[in-house]
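So this block is work_17.cif, mmCIF, C-alpha atoms:
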```
data_start
loop_
_atom_site.group_PDB
_atom_site.id
_atom_site.type_symbol
_atom_site.label_atom_id
_atom_site.label_comp_id
_atom_site.auth_asym_id
_atom_site.auth_seq_id
_atom_site.Cartn_x
_atom_site.Cartn_y
_atom_site.Cartn_z
ATOM 1 C CA MET A 137 14.749 1.800 22.609
ATOM 2 C CA LYS A 138 14.954 3.749 19.344
ATOM 3 C CA GLN A 139 11.586 2.337 18.298
ATOM 4 C CA HIS A 140 9.979 3.785 21.434
ATOM 5 C CA HIS A 141 11.464 7.196 20.616
ATOM 6 C CA PHE A 142 10.109 6.968 17.086
ATOM 7 C CA LEU A 143 6.679 5.930 18.281
ATOM 8 C CA ALA A 144 6.600 8.725 20.857
ATOM 9 C CA ALA A 145 7.655 11.203 18.192
ATOM 10 C CA ALA A 146 4.982 9.868 15.846
ATOM 11 C CA ALA A 147 2.355 10.222 18.591
ATOM 12 C CA LEU A 148 3.451 13.793 19.261
ATOM 13 C CA ALA A 149 3.421 14.545 15.549
ATOM 14 C CA LEU A 150 -0.074 13.133 15.310
ATOM 15 C CA CYS A 151 -1.126 15.333 18.248
ATOM 16 C CA ALA A 152 0.305 18.368 16.538
ATOM 17 C CA VAL A 153 -1.235 17.483 13.199
ATOM 18 C CA SER A 154 -4.572 16.392 14.673
ATOM 19 C CA ALA A 155 -5.543 20.024 15.002
ATOM 20 C CA GLN A 156 -5.591 19.963 11.198
ATOM 21 C CA ALA A 157 -8.047 17.018 11.213
ATOM 22 C CA THR A 158 -5.613 14.318 10.116
ATOM 23 C CA ASP A 159 -7.340 11.057 9.352
ATOM 24 C CA LEU A 160 -5.849 7.609 9.868
ATOM 25 C CA MET A 161 -4.809 7.237 6.213
ATOM 26 C CA GLN A 162 -2.890 10.523 6.255
ATOM 27 C CA ALA A 163 -1.218 9.484 9.507
ATOM 28 C CA TRP A 164 -0.190 6.161 7.974
ATOM 29 C CA GLN A 165 1.204 7.848 4.859
ATOM 30 C CA ALA A 166 3.209 10.269 7.005
ATOM 31 C CA ALA A 167 4.540 7.416 9.131
ATOM 32 C CA ARG A 168 5.348 5.449 5.960
ATOM 33 C CA GLN A 169 7.507 8.284 4.660
ATOM 34 C CA HIS A 170 9.428 8.799 7.909
ATOM 35 C CA ASP A 171 9.739 5.332 9.449
ATOM 36 C CA PRO A 172 13.306 3.991 9.254
ATOM 37 C CA GLN A 173 12.094 0.382 9.415
ATOM 38 C CA ALA A 174 9.903 0.996 6.373
ATOM 39 C CA ALA A 175 12.908 2.394 4.500
ATOM 40 C CA VAL A 176 14.911 -0.719 5.384
ATOM 41 C CA ALA A 177 12.046 -2.942 4.239
ATOM 42 C CA ASP A 178 11.827 -1.055 0.925
ATOM 43 C CA ALA A 179 15.566 -1.494 0.335
ATOM 44 C CA ALA A 180 15.374 -5.203 1.172
ATOM 45 C CA ARG A 181 12.467 -5.627 -1.232
ATOM 46 C CA ALA A 182 14.400 -3.885 -4.023
ATOM 47 C CA ALA A 183 17.361 -6.185 -3.360
ATOM 48 C CA GLY A 184 14.995 -9.147 -3.554
ATOM 49 C CA GLU A 185 13.750 -8.023 -6.938
ATOM 50 C CA THR A 186 17.327 -7.979 -8.229
ATOM 51 C CA ARG A 187 17.571 -11.628 -7.163
ATOM 52 C CA ARG A 188 14.538 -12.367 -9.331
ATOM 53 C CA ALA A 189 16.229 -10.674 -12.294
ATOM 54 C CA GLN A 190 19.443 -12.609 -11.637
ATOM 55 C CA GLY A 191 17.502 -15.869 -11.648
ATOM 56 C CA ALA A 192 15.934 -15.028 -15.001
ATOM 57 C CA SER A 193 19.299 -14.091 -16.490
ATOM 58 C CA LEU A 194 20.747 -17.527 -15.776
ATOM 59 C CA TRP A 195 18.853 -18.921 -18.764
ATOM 60 C CA ARG A 196 19.609 -16.156 -21.228
ATOM 61 C CA PRO A 197 22.085 -16.837 -24.020
ATOM 62 C CA ASN A 198 25.710 -15.876 -23.463
ATOM 63 C CA VAL A 199 27.422 -14.079 -26.316
ATOM 64 C CA MET A 200 31.170 -13.720 -26.216
ATOM 65 C CA LEU A 201 33.366 -11.707 -28.539
ATOM 66 C CA SER A 202 37.101 -12.252 -28.486
ATOM 67 C CA GLY A 203 39.929 -11.038 -30.619
ATOM 68 C CA GLY A 204 43.661 -10.770 -30.720
ATOM 69 C CA ALA A 205 46.403 -9.178 -32.720
ATOM 70 C CA GLY A 206 50.140 -9.631 -32.679
ATOM 71 C CA ARG A 207 53.370 -8.896 -34.419
ATOM 72 C CA MET A 208 56.371 -11.181 -34.432
ATOM 73 C CA SER A 209 59.555 -12.260 -36.116
ATOM 74 C CA ALA A 210 60.751 -15.846 -36.276
ATOM 75 C CA SER A 211 63.624 -17.743 -37.875
ATOM 76 C CA SER A 212 64.386 -21.431 -38.168
ATOM 77 C CA ALA A 213 67.299 -23.267 -39.710
ATOM 78 C CA THR A 214 67.744 -26.977 -40.398
ATOM 79 C CA ARG A 215 71.113 -28.416 -41.532
ATOM 80 C CA GLY A 216 72.153 -31.874 -42.627
ATOM 81 C CA ALA A 217 68.709 -33.172 -43.461
ATOM 82 C CA GLN A 218 68.208 -36.320 -45.503
ATOM 83 C CA PHE A 219 65.161 -37.119 -47.547
ATOM 84 C CA ALA A 220 64.099 -39.429 -50.298
ATOM 85 C CA ALA A 221 61.170 -39.389 -52.687
ATOM 86 C CA PRO A 222 60.250 -41.751 -55.536
ATOM 87 C CA GLY A 223 61.388 -40.312 -58.828
ATOM 88 C CA PHE A 224 63.698 -37.777 -57.132
ATOM 89 C CA GLY A 225 66.224 -40.071 -55.624
ATOM 90 C CA GLN A 226 67.926 -39.607 -52.286
ATOM 91 C CA SER A 227 69.553 -36.420 -50.968
ATOM 92 C CA SER A 228 71.658 -35.844 -47.868
ATOM 93 C CA GLY A 229 73.197 -32.798 -46.207
ATOM 94 C CA VAL A 230 70.298 -30.584 -47.265
ATOM 95 C CA SER A 231 69.722 -27.224 -45.496
ATOM 96 C CA PHE A 232 66.342 -25.526 -44.975
ATOM 97 C CA ASP A 233 66.099 -21.893 -43.752
ATOM 98 C CA THR A 234 62.816 -20.035 -43.043
ATOM 99 C CA SER A 235 62.214 -16.632 -41.573
ATOM 100 C CA VAL A 236 59.316 -14.268 -40.930
ATOM 101 C CA ASN A 237 60.190 -10.647 -40.226
ATOM 102 C CA ASN A 238 57.574 -8.346 -38.677
ATOM 103 C CA GLY A 239 54.749 -10.749 -39.433
ATOM 104 C CA THR A 240 51.271 -9.872 -38.178
ATOM 105 C CA SER A 241 48.693 -12.180 -36.749
ATOM 106 C CA THR A 242 45.029 -11.337 -36.141
ATOM 107 C CA ARG A 243 42.099 -13.388 -35.010
ATOM 108 C CA TRP A 244 38.562 -12.771 -33.813
ATOM 109 C CA SER A 245 35.608 -14.890 -32.885
ATOM 110 C CA VAL A 246 32.002 -14.589 -31.774
ATOM 111 C CA THR A 247 30.568 -17.383 -29.651
ATOM 112 C CA ALA A 248 26.957 -17.769 -28.531
ATOM 113 C CA ARG A 249 25.817 -20.377 -26.007
ATOM 114 C CA GLN A 250 22.294 -21.139 -24.881
ATOM 115 C CA PRO A 251 21.804 -23.545 -21.984
ATOM 116 C CA LEU A 252 18.993 -26.012 -22.621
ATOM 117 C CA TYR A 253 19.296 -28.280 -19.606
ATOM 118 C CA ASN A 254 21.372 -27.510 -16.543
ATOM 119 C CA PRO A 255 20.245 -28.779 -13.119
ATOM 120 C CA GLU A 256 22.726 -26.506 -11.345
ATOM 121 C CA ARG A 257 21.297 -23.406 -13.018
ATOM 122 C CA SER A 258 17.776 -24.587 -12.269
ATOM 123 C CA ALA A 259 18.656 -24.915 -8.583
ATOM 124 C CA GLN A 260 20.334 -21.494 -8.560
ATOM 125 C CA ARG A 261 17.326 -19.891 -10.200
ATOM 126 C CA GLN A 262 14.987 -21.528 -7.696
ATOM 127 C CA GLN A 263 17.131 -20.282 -4.789
ATOM 128 C CA LEU A 264 17.124 -16.757 -6.194
ATOM 129 C CA GLU A 265 13.334 -16.865 -6.685
ATOM 130 C CA ILE A 266 12.831 -18.062 -3.102
ATOM 131 C CA GLY A 267 15.072 -15.241 -1.870
ATOM 132 C CA ALA A 268 13.033 -12.705 -3.839
ATOM 133 C CA ASP A 269 9.750 -14.136 -2.519
ATOM 134 C CA SER A 270 11.114 -14.050 1.022
ATOM 135 C CA ALA A 271 12.110 -10.394 0.668
ATOM 136 C CA ASP A 272 8.630 -9.581 -0.640
ATOM 137 C CA LEU A 273 6.948 -11.379 2.271
ATOM 138 C CA GLN A 274 9.194 -9.587 4.761
ATOM 139 C CA TRP A 275 8.260 -6.269 3.139
ATOM 140 C CA GLN A 276 4.555 -7.115 3.431
ATOM 141 C CA ALA A 277 5.026 -8.029 7.097
ATOM 142 C CA ALA A 278 6.852 -4.739 7.706
ATOM 143 C CA GLN A 279 4.010 -2.835 6.015
ATOM 144 C CA GLN A 280 1.423 -4.554 8.185
ATOM 145 C CA ASP A 281 3.499 -3.916 11.306
ATOM 146 C CA LEU A 282 3.764 -0.234 10.395
ATOM 147 C CA MET A 283 0.002 -0.066 9.782
ATOM 148 C CA LEU A 284 -0.677 -1.652 13.154
ATOM 149 C CA ARG A 285 1.752 0.618 15.031
ATOM 150 C CA THR A 286 0.387 3.694 13.264
ATOM 151 C CA ALA A 287 -3.232 2.761 13.987
ATOM 152 C CA GLN A 288 -2.415 2.084 17.647
ATOM 153 C CA ARG A 289 -0.647 5.428 18.019
ATOM 154 C CA TYR A 290 -3.376 7.234 16.105
ATOM 155 C CA PHE A 291 -6.114 5.893 18.343
ATOM 156 C CA ASP A 292 -3.967 6.535 21.423
ATOM 157 C CA VAL A 293 -3.800 10.169 20.349
ATOM 158 C CA VAL A 294 -7.543 10.309 19.611
ATOM 159 C CA LEU A 295 -8.280 8.785 23.027
ATOM 160 C CA ALA A 296 -5.907 11.249 24.701
ATOM 161 C CA GLU A 297 -7.629 14.136 22.897
ATOM 162 C CA ARG A 298 -11.028 12.895 24.060
ATOM 163 C CA LYS A 299 -9.775 12.520 27.639
ATOM 164 C CA LEU A 300 -8.294 16.013 27.471
ATOM 165 C CA ALA A 301 -11.579 17.427 26.166
ATOM 166 C CA LEU A 302 -13.465 15.621 28.965
ATOM 167 C CA LEU A 303 -11.033 16.940 31.572
ATOM 168 C CA ARG A 304 -11.469 20.465 30.208
ATOM 169 C CA GLN A 305 -15.251 20.088 30.416
ATOM 170 C CA GLN A 306 -14.946 18.768 33.961
ATOM 171 C CA GLN A 307 -12.606 21.663 34.849
ATOM 172 C CA ALA A 308 -15.100 24.131 33.401
ATOM 173 C CA ALA A 309 -17.913 22.494 35.387
ATOM 174 C CA VAL A 310 -15.827 22.593 38.579
ATOM 175 C CA ASP A 311 -14.948 26.242 37.909
ATOM 176 C CA ARG A 312 -18.650 27.073 37.429
ATOM 177 C CA ALA A 313 -19.570 25.174 40.608
ATOM 178 C CA PHE A 314 -16.796 26.980 42.464
ATOM 179 C CA THR A 315 -17.968 30.361 41.201
ATOM 180 C CA GLU A 316 -21.566 29.506 42.077
ATOM 181 C CA ALA A 317 -20.587 28.321 45.577
ATOM 182 C CA LYS A 318 -18.468 31.411 46.058
ATOM 183 C CA ASP A 319 -21.354 33.670 44.978
ATOM 184 C CA ARG A 320 -23.753 31.888 47.361
ATOM 185 C CA PHE A 321 -21.286 32.168 50.195
ATOM 186 C CA GLU A 322 -20.941 35.895 49.671
#
```

Step by step, read the file and then write its structure as structure tokens.
Amino acid sequence: MKQHHFLAAAALALCAVSAQATDLMQAWQAARQHDPQAAVADAARAAGETRRAQGASLWRPNVMLSGGAGRMSASSATRGAQFAAPGFGQSSGVSFDTSVNNGTSTRWSVTARQPLYNPERSAQRQQLEIGADSADLQWQAAQQDLMLRTAQRYFDVVLAERKLALLRQQQAAVDRAFTEAKDRFE
């Protein structure tokens, strides 16, 4: 129902603008700027192009940067240890104590990965490309539909103008015949 209102409004706009000698191309450009379906088709096409870019990005290298920092304290104590080593003899009941107070730890890394062969990524890229192509074809179909609707409405308006001009000429002829008949009667 909304489409009929739009088309009627476009026909009326063409009637109003036709006094300024609007040609078919100007009518199509005006309809292109104001048609909500054309705006939807443009947005869908733009979304399709992002799918194409996503598909291309699947094969780009991934670079990752990671880092970490920390601060800690730790203590350990071992009592009653036994050990033996050649040339040192044997010892028992030995104690070992270690501690780190407010020690810092830092690390960082840079990793780069480049996929060379990945069937899953190939399938994803193909799906994204098909989606982008589909959006482009739908946009082209919407453009052709808009051209057809605009041309139909344009020629409907031109035909209505011609009919109106013919009716005005016929009215003028009838008025002249009426005046002539009236003058003869008098």

Residue with the minimum atom-to-atom distance to Gly203 of chain A, picked from A:Ser245, A:Arg320, A:Thr158, A:Leu273 with only C-alpha atoms counted, is A:Ser245

Selected by the PyMOL selection byres ((chain A and resi 217) around 12) in the shown coordinates: which residues, as a tab-separated table (two decimals) with C-alpha atoms, in the frame of the given file?
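Produced file selection00.tsv, reproduced below:
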```
chain	number	residue	atom	x	y	z
A	213	ALA	CA	67.30	-23.27	-39.71
A	214	THR	CA	67.74	-26.98	-40.40
A	215	ARG	CA	71.11	-28.42	-41.53
A	216	GLY	CA	72.15	-31.87	-42.63
A	218	GLN	CA	68.21	-36.32	-45.50
A	219	PHE	CA	65.16	-37.12	-47.55
A	220	ALA	CA	64.10	-39.43	-50.30
A	226	GLN	CA	67.93	-39.61	-52.29
A	227	SER	CA	69.55	-36.42	-50.97
A	228	SER	CA	71.66	-35.84	-47.87
A	229	GLY	CA	73.20	-32.80	-46.21
A	230	VAL	CA	70.30	-30.58	-47.26
A	231	SER	CA	69.72	-27.22	-45.50
A	232	PHE	CA	66.34	-25.53	-44.98
A	233	ASP	CA	66.10	-21.89	-43.75
```

Interatomic distance between atom CA of Gly267 of chain A and atom CA of Gly184 of chain A?
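About the pair atom CA of Gly267 of chain A and atom CA of Gly184 of chain A: they are 6.3 Å apart.
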
Pick out the residues sitting within 10 Å of Arg249 of chain A, and hand them over as a VMD selection string; count all atoms listed in the file, and ignore anything fewer than 3 positions along from it in its own chain.
chain A and resid 196 to 200 252

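Omitting Ala287 of chain A and its sequence neighbours fewer than 3 positions away, and counting all atoms listed in the file, the residues within 9 Å are Leu160, Ala163, Trp164, Leu282, Met283, Leu284, Tyr290, Phe291 and Asp292 of chain A.
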
Got a sec: who's within 6 Å of segment 175-183 of chain A, counting only C-alpha atoms, leaving out chain neighbours fewer than 5 positions off, as a PyMOL selection string?
chain A and resi 271-272+275

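Remark: for Gln250 of chain A, the closest of the candidate residues A:Ala221, A:Met208, A:Ala309, A:Leu194 is A:Leu194 (distances computed over only C-alpha atoms).
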
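Atom pair atom CA of Asp269 of chain A / atom CA of Gly191 of chain A has a distance of 12.1 Å (rounded to one decimal).
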
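The smallest atom-to-atom distance between Gln280 of chain A and any of A:Gln190, A:Gln162, A:Gln173, A:Thr315, using all atoms listed in the file, is found for A:Gln173.
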
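You can rank A:Gly223, A:Ser209, A:Ile266, A:Gln279 by their closest distance to Gln165 of chain A using all atoms listed in the file, and at the top of that list sits A:Gln279.
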
Nearest-residue call for Pro172 of chain A, choices A:Ala189, A:Gln263, A:Arg298, A:Ala278, using only C-alpha atoms
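For Pro172 of chain A, the nearest of the given residues is A:Ala278.
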
Counting all atoms listed in the file, which of A:Val293, A:Leu302, A:Val310, A:Ala268 gets nearest to Arg188 of chain A?
A:Ala268

Could you give me the centre and size, in Å to one decimal, of an axis-aligned box around all listed atoms of segment 194-199 of chain A with 5 Å added on every side, as JSON?
```
{"center_x": 23.1, "center_y": -16.5, "center_z": -21.0, "size_x": 18.6, "size_y": 14.8, "size_z": 20.5}
```

If you measure from atom CA of Arg261 of chain A to atom CA of Glu185 of chain A, what distance in Å do you get, rounded to one decimal?
12.8 Å

Could you name the residues that touch Arg207 of chain A at 12 Å or less, counting all atoms listed in the file, but leaving out those on the same chain fewer than 2 positions away, as number ranges by chain?
A: 204-205, 209-210, 236-242
